[in-house]
file query-v1.txt (compact mmCIF, C-alpha atoms and all ligand atoms)
# COMPACT_ATOMS: atom_id res chain seq x y z
CA MET A 307 28.35 68.35 117.17
CA ALA A 308 30.83 65.53 117.58
CA ALA A 309 34.09 67.16 116.66
CA ASN A 310 36.11 65.25 119.28
CA LEU A 311 38.13 68.27 120.33
CA THR A 312 41.46 67.56 121.98
CA PRO A 313 42.75 69.13 125.24
CA GLN A 314 45.38 70.99 123.15
CA TYR A 315 42.61 72.54 121.07
CA LYS A 316 40.67 73.54 124.17
CA LYS A 317 43.73 75.14 125.64
CA ALA A 318 44.28 77.19 122.48
CA GLU A 319 40.62 78.19 122.51
CA ASP A 320 40.92 79.37 126.12
CA ARG A 321 43.97 81.37 125.10
CA TYR A 322 41.93 82.93 122.29
CA LYS A 323 39.14 83.92 124.66
CA ALA A 324 41.57 85.42 127.16
CA ALA A 325 43.63 87.28 124.56
CA THR A 326 43.86 91.06 124.91
CA THR A 327 45.63 91.98 121.67
CA ASP A 328 45.04 91.11 118.02
CA GLU A 329 48.50 89.52 117.85
CA GLU A 330 47.63 87.15 120.70
CA ARG A 331 44.24 86.37 119.15
CA LEU A 332 45.81 85.57 115.79
CA ASP A 333 48.44 83.38 117.41
CA ALA A 334 45.79 81.43 119.33
CA LEU A 335 43.60 81.00 116.23
CA GLU A 336 46.57 79.61 114.33
CA GLU A 337 47.09 77.04 117.04
CA MET A 338 43.40 76.17 117.10
CA LEU A 339 43.52 75.52 113.36
CA ARG A 340 46.57 73.30 113.78
CA GLU A 341 45.01 71.33 116.65
CA ILE A 342 41.47 70.89 115.43
CA PRO A 343 40.78 67.34 114.23
CA LYS A 344 40.45 67.48 110.45
CA HIS A 345 37.27 65.64 109.54
CA LYS A 346 33.82 66.33 108.19
CA ALA A 347 32.31 67.11 111.57
CA SER A 348 34.74 70.00 112.23
CA GLU A 349 34.58 71.59 108.76
CA HIS A 350 32.26 74.30 109.96
CA MET A 351 34.54 75.15 112.86
CA GLN A 352 37.62 75.18 110.62
CA ALA A 353 35.93 77.63 108.27
CA ASP A 354 34.94 79.79 111.22
CA ILE A 355 38.53 79.92 112.53
CA LYS A 356 39.84 80.86 109.07
CA ARG A 357 37.24 83.62 108.75
CA LYS A 358 38.25 85.08 112.11
CA MET A 359 41.92 84.92 111.12
CA SER A 360 41.50 86.79 107.86
CA LYS A 361 39.32 89.44 109.52
CA LEU A 362 41.99 89.98 112.17
CA LYS A 363 44.79 90.16 109.59
CA ALA A 364 42.89 92.75 107.58
CA ALA A 365 42.29 94.85 110.68
CA MET A 366 45.95 94.63 111.70
CA GLU A 367 47.18 95.59 108.24
CA SER A 368 44.92 98.62 107.94
CA GLY A 369 46.19 99.86 111.29
CA GLY A 370 42.94 98.99 113.06
CA SER A 371 44.92 97.31 115.80
CA LYS A 372 45.61 99.84 118.54
CA LYS A 373 49.05 98.40 119.13
CA GLY A 374 50.07 98.49 115.45
CA ALA A 375 51.83 101.15 113.41
CA PRO A 376 50.18 104.57 113.27
CA SER A 377 47.56 104.54 110.55
CA HIS A 378 48.74 107.80 109.01
CA VAL A 379 52.39 108.31 108.20
CA ASP A 380 53.58 111.33 106.23
CA ILE A 381 56.14 109.80 103.88
CA PHE A 382 57.30 113.31 103.02
CA HIS A 383 58.39 113.97 106.57
CA VAL A 384 61.96 112.72 106.99
CA PRO A 385 63.11 112.44 110.63
CA ARG A 386 66.42 114.19 111.11
CA GLY A 387 69.58 112.16 111.52
CA GLY A 388 73.27 112.91 111.84
CA ALA A 389 74.70 116.36 112.51
CA GLY A 390 72.44 118.07 109.98
CA GLN A 391 69.95 117.42 107.21
CA VAL A 392 70.37 118.59 103.61
CA VAL A 393 67.38 118.27 101.28
CA LEU A 394 68.19 118.11 97.55
CA ILE A 395 65.75 119.83 95.19
CA GLY A 396 65.89 119.68 91.42
CA MET A 397 64.24 118.97 88.11
CA PRO A 398 63.99 115.43 86.69
CA ASN A 399 67.37 113.89 85.77
CA SER A 400 69.37 116.69 87.36
CA GLY A 401 71.47 114.10 89.20
CA LYS A 402 70.00 114.13 92.73
CA SER A 403 69.85 110.38 93.20
CA SER A 404 73.38 110.04 91.80
CA ILE A 405 74.68 112.31 94.57
CA LEU A 406 73.19 110.01 97.22
CA ALA A 407 74.46 106.96 95.37
CA ALA A 408 77.98 108.45 95.32
CA LEU A 409 78.07 109.61 98.96
CA THR A 410 75.71 107.34 100.94
CA LYS A 411 74.48 103.78 101.18
CA ALA A 412 70.86 104.82 100.63
CA PRO A 413 68.88 102.56 98.29
CA VAL A 414 68.28 105.23 95.64
CA VAL A 415 67.47 104.52 92.01
CA VAL A 416 69.68 106.26 89.46
CA ALA A 417 67.95 106.19 86.11
CA GLU A 418 68.09 107.70 82.66
CA TYR A 419 64.32 108.06 82.74
CA PRO A 420 62.72 110.80 84.83
CA TYR A 421 60.52 110.23 87.92
CA ALA A 422 62.43 107.22 89.20
CA THR A 423 62.12 108.74 92.69
CA ASP A 424 58.61 109.11 94.13
CA LYS A 425 59.28 109.85 97.79
CA PRO A 426 62.10 111.41 99.83
CA ILE A 427 64.91 108.99 100.59
CA PRO A 428 67.48 109.83 103.27
CA GLY A 429 71.05 108.60 103.35
CA MET A 430 74.02 109.28 105.62
CA ALA A 431 77.13 110.88 104.14
CA LEU A 432 80.36 111.57 106.00
CA TYR A 433 82.33 114.78 106.21
CA GLU A 434 85.55 113.47 107.77
CA ASP A 435 84.13 111.89 110.95
CA VAL A 436 80.80 113.77 110.99
CA PRO A 437 77.69 112.02 109.65
CA ILE A 438 75.44 114.35 107.65
CA GLN A 439 72.07 113.32 106.29
CA LEU A 440 71.32 113.92 102.61
CA VAL A 441 67.74 113.56 101.38
CA ASP A 442 66.89 112.64 97.79
CA THR A 443 63.46 113.90 96.66
CA PRO A 444 60.99 113.50 93.80
CA PRO A 445 61.63 116.07 91.07
CA ILE A 446 59.86 119.36 90.48
CA THR A 447 58.98 120.94 87.14
CA ALA A 448 57.54 124.29 86.09
CA ASP A 449 54.03 122.83 86.38
CA PHE A 450 54.25 120.30 89.15
CA ALA A 451 55.76 119.59 92.54
CA PRO A 452 54.52 116.91 94.96
CA SER A 453 52.56 118.75 97.64
CA GLY A 454 54.34 116.97 100.49
CA LEU A 455 57.72 118.24 99.36
CA VAL A 456 57.19 121.53 101.22
CA ASN A 457 57.13 119.52 104.46
CA THR A 458 60.36 117.78 103.56
CA CYS A 459 62.03 121.15 102.91
CA ARG A 460 60.68 122.73 106.09
CA GLY A 461 62.35 120.13 108.25
CA ALA A 462 65.78 120.58 106.67
CA ASP A 463 68.82 122.47 107.92
CA LEU A 464 69.99 123.28 104.40
CA LEU A 465 68.48 123.17 100.93
CA ALA A 466 70.58 122.19 97.93
CA VAL A 467 69.34 123.20 94.48
CA VAL A 468 70.66 120.58 92.06
CA ILE A 469 71.35 121.87 88.54
CA ASP A 470 72.44 119.65 85.62
CA LEU A 471 75.22 121.59 83.88
CA SER A 472 74.66 119.62 80.67
CA GLY A 473 71.06 120.83 80.44
CA ASP A 474 69.29 124.20 80.31
CA VAL A 475 70.82 125.67 83.45
CA LEU A 476 68.82 128.89 83.50
CA GLU A 477 65.48 127.15 83.14
CA GLN A 478 66.38 124.77 86.00
CA MET A 479 67.50 127.62 88.21
CA ASP A 480 64.35 129.54 87.46
CA VAL A 481 62.03 126.59 88.21
CA CYS A 482 63.82 125.71 91.46
CA THR A 483 64.12 129.21 92.88
CA LYS A 484 60.50 130.04 91.95
CA TYR A 485 59.37 126.90 93.75
CA LEU A 486 61.39 127.67 96.87
CA ASP A 487 60.42 131.35 96.87
CA SER A 488 56.73 130.67 96.35
CA HIS A 489 56.73 128.57 99.53
CA ARG A 490 59.05 130.97 101.37
CA LEU A 491 61.55 128.18 101.86
CA MET A 492 64.67 130.06 100.82
CA LEU A 493 66.44 132.61 102.99
CA LYS A 494 67.22 135.93 101.36
CA PRO A 495 70.85 137.07 101.44
CA GLY A 496 71.74 138.36 104.88
CA GLU A 497 68.71 136.71 106.53
CA GLU A 498 69.33 134.18 109.28
CA HIS A 499 67.27 131.07 109.80
CA ASP A 500 64.79 131.68 112.61
CA PRO A 501 63.28 128.50 114.05
CA ALA A 502 60.51 130.57 115.64
CA ALA A 503 59.47 132.27 112.40
CA GLN A 504 56.33 131.20 110.57
CA HIS A 505 57.92 130.72 107.20
CA MET A 506 60.82 128.41 108.14
CA ALA A 507 63.15 129.60 105.41
CA HIS A 508 66.49 127.86 105.04
CA LYS A 509 69.96 128.55 103.84
CA THR A 510 70.19 127.43 100.23
CA PHE A 511 73.09 126.64 97.93
CA VAL A 512 73.57 125.25 94.44
CA VAL A 513 75.09 121.91 93.46
CA ALA A 514 76.00 121.99 89.77
CA THR A 515 76.21 118.39 88.55
CA LYS A 516 77.62 116.49 85.56
CA SER A 517 80.69 118.71 85.26
CA ASP A 518 82.21 115.89 83.19
CA LEU A 519 79.59 116.49 80.47
CA ALA A 520 79.27 120.27 80.67
CA PRO A 521 80.78 122.63 78.10
CA ALA A 522 83.53 124.70 79.71
CA GLY A 523 82.30 127.89 81.33
CA THR A 524 78.70 126.72 81.87
CA LEU A 525 78.81 127.31 85.61
CA ASP A 526 80.19 130.84 85.14
CA THR A 527 77.35 131.60 82.75
CA LEU A 528 74.84 130.29 85.28
CA LYS A 529 76.31 132.38 88.11
CA GLU A 530 76.32 135.49 85.97
CA LEU A 531 72.88 135.19 84.42
CA ALA A 532 70.97 133.67 87.33
CA ASP A 533 72.24 136.47 89.54
CA GLN A 534 71.50 134.61 92.78
CA PRO A 535 74.00 135.35 95.53
CA LEU A 536 74.45 131.70 96.55
CA ASP A 537 77.31 129.28 97.02
CA TYR A 538 77.83 127.16 93.89
CA ILE A 539 79.66 123.83 94.03
CA GLU A 540 80.54 122.04 90.81
CA ILE A 541 80.62 118.25 90.98
CA SER A 542 80.53 115.09 88.92
CA SER A 543 79.01 112.02 90.56
CA GLU A 544 80.53 110.09 87.67
CA THR A 545 84.20 111.10 88.17
CA ARG A 546 83.68 112.13 91.84
CA GLN A 547 85.29 115.50 91.08
CA GLY A 548 84.14 118.09 93.63
CA LEU A 549 82.47 115.65 96.05
CA ASP A 550 84.94 116.41 98.87
CA THR A 551 84.43 120.14 98.37
CA LEU A 552 80.68 119.55 98.43
CA MET A 553 80.85 117.85 101.84
CA LYS A 554 83.17 120.54 103.22
CA THR A 555 80.84 123.28 102.00
CA ILE A 556 77.85 121.54 103.58
CA TYR A 557 79.74 121.23 106.87
CA ASP A 558 80.68 124.93 106.80
CA LEU A 559 77.13 126.02 105.90
CA LEU A 560 75.69 123.94 108.76
CA HIS A 561 77.59 126.18 111.21
CA ILE A 562 78.45 123.44 113.63
CA VAL A 563 81.45 122.36 115.63
CA ARG A 564 82.45 118.83 116.54
CA ILE A 565 83.74 118.07 120.00
CA TYR A 566 85.50 114.98 121.28
CA ALA A 567 84.51 114.16 124.83
CA LYS A 568 87.06 112.80 127.25
CA ARG A 569 86.58 111.14 130.61
CA PRO A 570 89.04 112.16 133.33
CA GLY A 571 92.12 109.95 133.10
CA LYS A 572 90.95 108.32 129.85
CA GLU A 573 91.80 108.87 126.21
CA PRO A 574 89.26 110.99 124.30
CA ASP A 575 86.76 109.17 122.11
CA MET A 576 87.96 110.29 118.68
CA ARG A 577 85.52 108.16 116.72
CA ASP A 578 82.20 109.62 117.59
CA PRO A 579 82.22 113.41 118.06
CA PHE A 580 79.34 115.40 119.49
CA THR A 581 78.15 118.17 117.19
CA LEU A 582 76.78 121.49 118.41
CA LYS A 583 75.83 124.82 116.86
CA LYS A 584 78.73 127.24 116.43
CA GLY A 585 78.88 129.51 119.47
CA SER A 586 77.90 126.71 121.88
CA THR A 587 79.63 126.60 125.26
CA VAL A 588 81.05 123.98 127.60
CA HIS A 589 77.74 124.14 129.48
CA ASP A 590 75.80 123.37 126.26
CA LEU A 591 78.02 120.33 125.77
CA ALA A 592 77.34 119.19 129.33
CA VAL A 593 73.58 119.48 128.67
CA LEU A 594 73.94 117.46 125.49
CA ILE A 595 75.93 114.70 127.17
CA HIS A 596 74.15 114.57 130.51
CA ARG A 597 71.00 116.66 130.76
CA GLU A 598 70.45 115.72 134.41
CA LEU A 599 74.04 116.30 135.44
CA ALA A 600 74.64 119.55 133.53
CA ASP A 601 73.95 121.77 136.52
CA LYS A 602 76.48 119.82 138.57
CA LEU A 603 79.26 120.68 136.14
CA LYS A 604 82.23 121.61 138.32
CA SER A 605 85.03 122.24 135.88
CA ALA A 606 86.26 121.41 132.42
CA ARG A 607 89.59 121.04 130.66
CA SER A 608 90.32 121.65 127.00
CA TRP A 609 92.77 120.43 124.35
CA HIS A 610 93.33 121.39 120.71
CA ALA A 611 91.60 124.76 120.91
CA PRO A 612 93.01 128.09 119.68
CA GLY A 613 94.31 130.26 122.54
CA VAL A 614 94.15 127.42 125.06
CA HIS A 615 97.10 125.46 126.45
CA ASP A 616 96.48 121.75 126.17
CA GLY A 617 94.88 120.54 129.39
CA GLN A 618 93.98 124.04 130.57
CA ASN A 619 90.91 124.58 132.76
CA VAL A 620 88.12 126.43 130.95
CA PRO A 621 84.95 127.99 132.41
CA ARG A 622 81.45 126.76 131.56
CA GLU A 623 80.99 129.85 129.36
CA HIS A 624 84.00 128.86 127.22
CA ILE A 625 82.97 128.85 123.54
CA LEU A 626 83.78 125.58 121.81
CA SER A 627 85.76 125.38 118.60
CA ASP A 628 85.79 122.68 115.94
CA LYS A 629 87.74 119.50 116.86
CA GLU A 630 88.25 120.60 120.46
CA ILE A 631 88.68 117.89 123.10
CA ILE A 632 86.78 118.54 126.33
CA GLU A 633 86.99 116.76 129.66
CA LEU A 634 84.01 117.40 131.92
CA HIS A 635 84.17 117.10 135.71
CA PHE A 636 80.88 116.75 137.52
CA ALA A 637 80.42 117.39 141.23
N1 LIG B 1 78.06 111.83 83.12
C1 LIG B 1 77.35 112.02 84.23
N2 LIG B 1 76.11 111.52 84.33
C2 LIG B 1 75.42 111.73 85.47
C3 LIG B 1 75.98 112.44 86.57
N3 LIG B 1 75.06 112.49 87.54
C4 LIG B 1 73.98 111.83 87.09
N4 LIG B 1 74.18 111.36 85.82
C5 LIG B 1 73.23 110.61 85.00
O1 LIG B 1 72.05 111.38 84.81
C6 LIG B 1 70.88 110.57 84.85
C7 LIG B 1 69.93 111.05 85.92
O2 LIG B 1 70.56 110.93 87.17
P1 LIG B 1 69.74 110.76 88.51
O3 LIG B 1 70.70 110.83 89.62
O4 LIG B 1 68.86 109.57 88.46
O5 LIG B 1 68.86 112.10 88.45
P2 LIG B 1 67.61 112.52 89.38
O6 LIG B 1 66.39 112.32 88.54
O7 LIG B 1 67.83 113.98 89.66
O8 LIG B 1 67.64 111.69 90.61
C8 LIG B 1 71.38 109.16 85.09
O9 LIG B 1 71.47 108.50 83.85
C9 LIG B 1 72.77 109.34 85.68
O10 LIG B 1 73.63 108.27 85.41
C10 LIG B 1 77.33 112.96 86.42
O11 LIG B 1 77.89 113.61 87.31
N5 LIG B 1 77.94 112.71 85.24
MG MG B 2 66.04 110.50 91.31

call {"tool": "encode", "arguments": {"input": "query-v1.txt", "output": "structure tokens"}}
result
Amino acid sequence: MAANLTPQYKKAEDRYKAATTDEERLDALEEMLREIPKHKASEHMQADIKRKMSKLKAAMESGGSKKGAPSHVDIFHVPRGGAGQVVLIGMPNSGKSSILAALTKAPVVVAEYPYATDKPIPGMALYEDVPIQLVDTPPITADFAPSGLVNTCRGADLLAVVIDLSGDVLEQMDVCTKYLDSHRLMLKPGEEHDPAAQHMAHKTFVVATKSDLAPAGTLDTLKELADQPLDYIEISSETRQGLDTLMKTIYDLLHIVRIYAKRPGKEPDMRDPFTLKKGSTVHDLAVLIHRELADKLKSARSWHAPGVHDGQNVPREHILSDKEIIELHFA
């Protein structure tokens, strides 16, 4: 076979033979194809290179490459972000995607037709300076809910039942609470979320949407007839009425505090607070900031906390309060 191969081609071929990953192999094959003299005598070889390239590409796309993305990804599992995760549940057109569109930069589709959303979509909303993750989800009906949605709900900190006040509010409430109850996703009044429990039930509240369209008194009727002892927040994504209250309610229901950390002799960082569960201590904060150094915590000073003089020394057992500034001293 007189293909008159060039030194550049031979080099690329050596690279191909020595390659250890599919990416390297593909890269070398591409170079071989570029370098191979294009004439009749090399046609066979050109075809062979192309065949190898498409086989490799197919293997890499299907996850066959060991270095590639995992071959199975649960699109219904939404990794947590921000200070807490709120999963929105509701029937078609109840206004879930509009809430994310109004409060986050998530690429949600707001549509007059149902089923515009086919997988959970997270977005980051802000309560003051605290980022909180909201998750839009595909809708549920009396007859159907995507099976993966249970997983989405299990991972949440809070569940929000989204009810369109301009529609049949009782039917929506019934469908949503039956769904959550049948999967044991909703905490009963007085129950506390227990991360160790099998059922992973969560605190649940109601977001009543489209207040701009609803006949007066609809929410009161819903509260009375649905007889569910939950928090109800009335909003309009259209006029933005109630959106601030919604974020404040979410923050309160998350039961967290935000803390501004301060280095000795420096101004506190007021832009990016740490968030911890209510009841957390100075020691918990030290663990969060510096897991390895936490045991070397020597002392701490506090500002902006009830019952504490600004700059006062506080013990490691000191319970943190919202918006407190803490300066940690390590040994
Ligand atoms: N007037 C009014 N329309 C709304 C409001 N929220 C949502 N919509 C409309 O209701 C329809 C369904 O909203 P969407 O957010 O896509 O509902 P989803 O199916 O639950 O995600 C869209 O046409 C929205 O424009 C609201 O607060 N006021
Ligand atoms: Mg939607």

call {"tool": "residues_around", "arguments": {"input": "query-v1.txt", "residues": "A:Glu319", "least_positions_apart": "3", "cutoff": "10 Å", "atoms": "all atoms listed in the file", "output": "number ranges by chain"}}
result
A: 313-316, 322-325, 331, 334-335, 337-339

call {"tool": "residues_around", "arguments": {"input": "query-v1.txt", "residues": "A:Ile625", "least_positions_apart": "5", "cutoff": "12 Å", "atoms": "only C-alpha atoms", "output": "VMD selection string"}}
result
chain A and resid 563 565 582 to 591 608 611 to 614 620 630 632

call {"tool": "residues_near_ligand", "arguments": {"input": "query-v1.txt", "ligand": "ligand MG 2 (chain B)", "cutoff": "9 Å", "atoms": "only C-alpha atoms and all ligand atoms", "output": "list of chain:residue names"}}
result
A:Pro398, A:Asn399, A:Ser400, A:Gly401, A:Lys402, A:Ser403, A:Ser404, A:Val414, A:Val415, A:Val416, A:Ala417, A:Pro420, A:Tyr421, A:Ala422, A:Thr423, A:Asp424, A:Asp442, A:Thr443, A:Pro444, A:Pro445

call {"tool": "atom_distance", "arguments": {"input": "query-v1.txt", "atom1": "atom CA of A:Ile562", "atom2": "atom CA of A:Glu633"}}
result
19.4 Å

call {"tool": "residues_around", "arguments": {"input": "query-v1.txt", "residues": "A:Leu603", "least_positions_apart": "4", "cutoff": "9 Å", "atoms": "all atoms listed in the file", "output": "list of chain:residue names"}}
result
A:His589, A:Ala592, A:Leu599, A:Arg622, A:Leu634, A:His635, A:Phe636, A:Ala637

call {"tool": "atom_distance", "arguments": {"input": "query-v1.txt", "atom1": "atom O6 of ligand LIG 1 (chain B)", "atom2": "atom CA of A:Leu528"}}
result
20.1 Å

call {"tool": "atom_distance", "arguments": {"input": "query-v1.txt", "atom1": "atom CA of A:Leu519", "atom2": "atom CA of A:Ile556"}}
result
23.7 Å

call {"tool": "residues_around", "arguments": {"input": "query-v1.txt", "residues": "A:Met397", "least_positions_apart": "3", "cutoff": "8 Å", "atoms": "all atoms listed in the file", "output": "ChimeraX atom specification"}}
result
/A:400,445-447,468-469,478,481-482

call {"tool": "write_last_selection", "arguments": {"input": "query-v1.txt", "atoms": "C-alpha atoms", "output": "tab-separated table (two decimals), in the frame of the given file"}}
result
chain	number	residue	atom	x	y	z
A	400	SER	CA	69.37	116.69	87.36
A	445	PRO	CA	61.63	116.07	91.07
A	446	ILE	CA	59.86	119.36	90.48
A	447	THR	CA	58.98	120.94	87.14
A	468	VAL	CA	70.66	120.58	92.06
A	469	ILE	CA	71.35	121.87	88.54
A	478	GLN	CA	66.38	124.77	86.00
A	481	VAL	CA	62.03	126.59	88.21
A	482	CYS	CA	63.82	125.71	91.46

call {"tool": "closest_residue", "arguments": {"input": "query-v1.txt", "among": "A:Tyr419, A:Tyr538, A:Phe580, A:Phe382", "to": "A:Leu525", "atoms": "only C-alpha atoms"}}
result
A:Tyr538

call {"tool": "closest_residue", "arguments": {"input": "query-v1.txt", "among": "A:Thr545, A:Thr555, A:Ser605, A:Ser453", "to": "ligand LIG 1 (chain B)", "atoms": "only C-alpha atoms and all ligand atoms"}}
result
A:Thr545

call {"tool": "closest_residue", "arguments": {"input": "query-v1.txt", "among": "A:Gly571, A:Gly523, A:Pro413, A:Pro495", "to": "ligand LIG 1 (chain B)", "atoms": "all atoms listed in the file"}}
result
A:Pro413

call {"tool": "decode", "arguments": {"input": "query-v1.txt", "residues": "stretch 473-549 of chain A", "atoms": "C-alpha atoms", "output": "mmCIF file, in the first residue's frame"}}
result
data_model
loop_
_atom_site.group_PDB
_atom_site.id
_atom_site.type_symbol
_atom_site.label_atom_id
_atom_site.label_comp_id
_atom_site.auth_asym_id
_atom_site.auth_seq_id
_atom_site.Cartn_x
_atom_site.Cartn_y
_atom_site.Cartn_z
ATOM 1 C CA GLY A 473 -59.579 27.905 40.000
ATOM 2 C CA ASP A 474 -61.278 25.170 42.016
ATOM 3 C CA VAL A 475 -59.346 25.664 45.243
ATOM 4 C CA LEU A 476 -60.808 22.727 47.146
ATOM 5 C CA GLU A 477 -60.122 20.234 44.381
ATOM 6 C CA GLN A 478 -56.499 21.446 44.143
ATOM 7 C CA MET A 479 -56.036 21.246 47.891
ATOM 8 C CA ASP A 480 -57.506 17.778 47.952
ATOM 9 C CA VAL A 481 -55.304 16.470 45.115
ATOM 10 C CA CYS A 482 -52.117 17.965 46.585
ATOM 11 C CA THR A 483 -52.629 16.894 50.187
ATOM 12 C CA LYS A 484 -53.700 13.382 49.122
ATOM 13 C CA TYR A 485 -50.535 13.098 47.044
ATOM 14 C CA LEU A 486 -48.289 14.285 49.869
ATOM 15 C CA ASP A 487 -50.070 12.169 52.483
ATOM 16 C CA SER A 488 -50.032 9.019 50.372
ATOM 17 C CA HIS A 489 -46.242 9.256 50.195
ATOM 18 C CA ARG A 490 -45.916 10.374 53.825
ATOM 19 C CA LEU A 491 -44.217 13.555 52.701
ATOM 20 C CA MET A 492 -46.178 15.994 54.834
ATOM 21 C CA LEU A 493 -45.626 16.505 58.549
ATOM 22 C CA LYS A 494 -48.707 16.372 60.721
ATOM 23 C CA PRO A 495 -49.356 19.379 62.969
ATOM 24 C CA GLY A 496 -47.037 19.292 65.957
ATOM 25 C CA GLU A 497 -44.667 16.768 64.332
ATOM 26 C CA GLU A 498 -41.054 17.789 63.826
ATOM 27 C CA HIS A 499 -38.979 16.804 60.834
ATOM 28 C CA ASP A 500 -36.747 13.894 61.776
ATOM 29 C CA PRO A 501 -33.859 13.320 59.367
ATOM 30 C CA ALA A 502 -33.391 9.821 60.802
ATOM 31 C CA ALA A 503 -37.005 8.757 60.259
ATOM 32 C CA GLN A 504 -37.934 6.441 57.412
ATOM 33 C CA HIS A 505 -40.686 8.570 55.992
ATOM 34 C CA MET A 506 -38.848 11.900 55.607
ATOM 35 C CA ALA A 507 -41.906 14.076 56.103
ATOM 36 C CA HIS A 508 -41.503 17.814 55.716
ATOM 37 C CA LYS A 509 -43.020 21.002 56.935
ATOM 38 C CA THR A 510 -45.618 22.097 54.401
ATOM 39 C CA PHE A 511 -47.340 25.393 53.698
ATOM 40 C CA VAL A 512 -49.700 26.796 51.095
ATOM 41 C CA VAL A 513 -48.962 29.455 48.484
ATOM 42 C CA ALA A 514 -52.248 30.802 47.124
ATOM 43 C CA THR A 515 -51.534 32.355 43.715
ATOM 44 C CA LYS A 516 -53.247 34.722 41.274
ATOM 45 C CA SER A 517 -54.734 36.906 44.008
ATOM 46 C CA ASP A 518 -55.199 39.552 41.294
ATOM 47 C CA LEU A 519 -57.745 37.297 39.556
ATOM 48 C CA ALA A 520 -59.434 35.725 42.579
ATOM 49 C CA PRO A 521 -62.885 36.724 43.791
ATOM 50 C CA ALA A 522 -62.624 38.383 47.207
ATOM 51 C CA GLY A 523 -62.744 35.953 50.105
ATOM 52 C CA THR A 524 -61.554 32.904 48.141
ATOM 53 C CA LEU A 525 -58.603 32.277 50.429
ATOM 54 C CA ASP A 526 -60.807 32.473 53.538
ATOM 55 C CA THR A 527 -63.149 29.915 52.000
ATOM 56 C CA LEU A 528 -60.198 27.640 51.261
ATOM 57 C CA LYS A 529 -58.834 27.925 54.804
ATOM 58 C CA GLU A 530 -62.234 27.212 56.295
ATOM 59 C CA LEU A 531 -63.288 24.325 54.096
ATOM 60 C CA ALA A 532 -59.928 22.625 53.578
ATOM 61 C CA ASP A 533 -59.454 22.571 57.329
ATOM 62 C CA GLN A 534 -55.688 22.034 57.102
ATOM 63 C CA PRO A 535 -53.761 23.733 59.900
ATOM 64 C CA LEU A 536 -51.098 25.198 57.601
ATOM 65 C CA ASP A 537 -49.607 28.602 56.897
ATOM 66 C CA TYR A 538 -51.294 30.228 53.892
ATOM 67 C CA ILE A 539 -49.605 33.007 51.923
ATOM 68 C CA GLU A 540 -51.550 34.883 49.270
ATOM 69 C CA ILE A 541 -49.538 36.178 46.329
ATOM 70 C CA SER A 542 -49.753 37.421 42.771
ATOM 71 C CA SER A 543 -46.754 36.777 40.541
ATOM 72 C CA GLU A 544 -48.369 39.245 38.154
ATOM 73 C CA THR A 545 -48.590 42.267 40.508
ATOM 74 C CA ARG A 546 -45.887 40.918 42.902
ATOM 75 C CA GLN A 547 -48.282 41.422 45.818
ATOM 76 C CA GLY A 548 -47.293 39.134 48.710
ATOM 77 C CA LEU A 549 -43.924 38.029 47.306
#
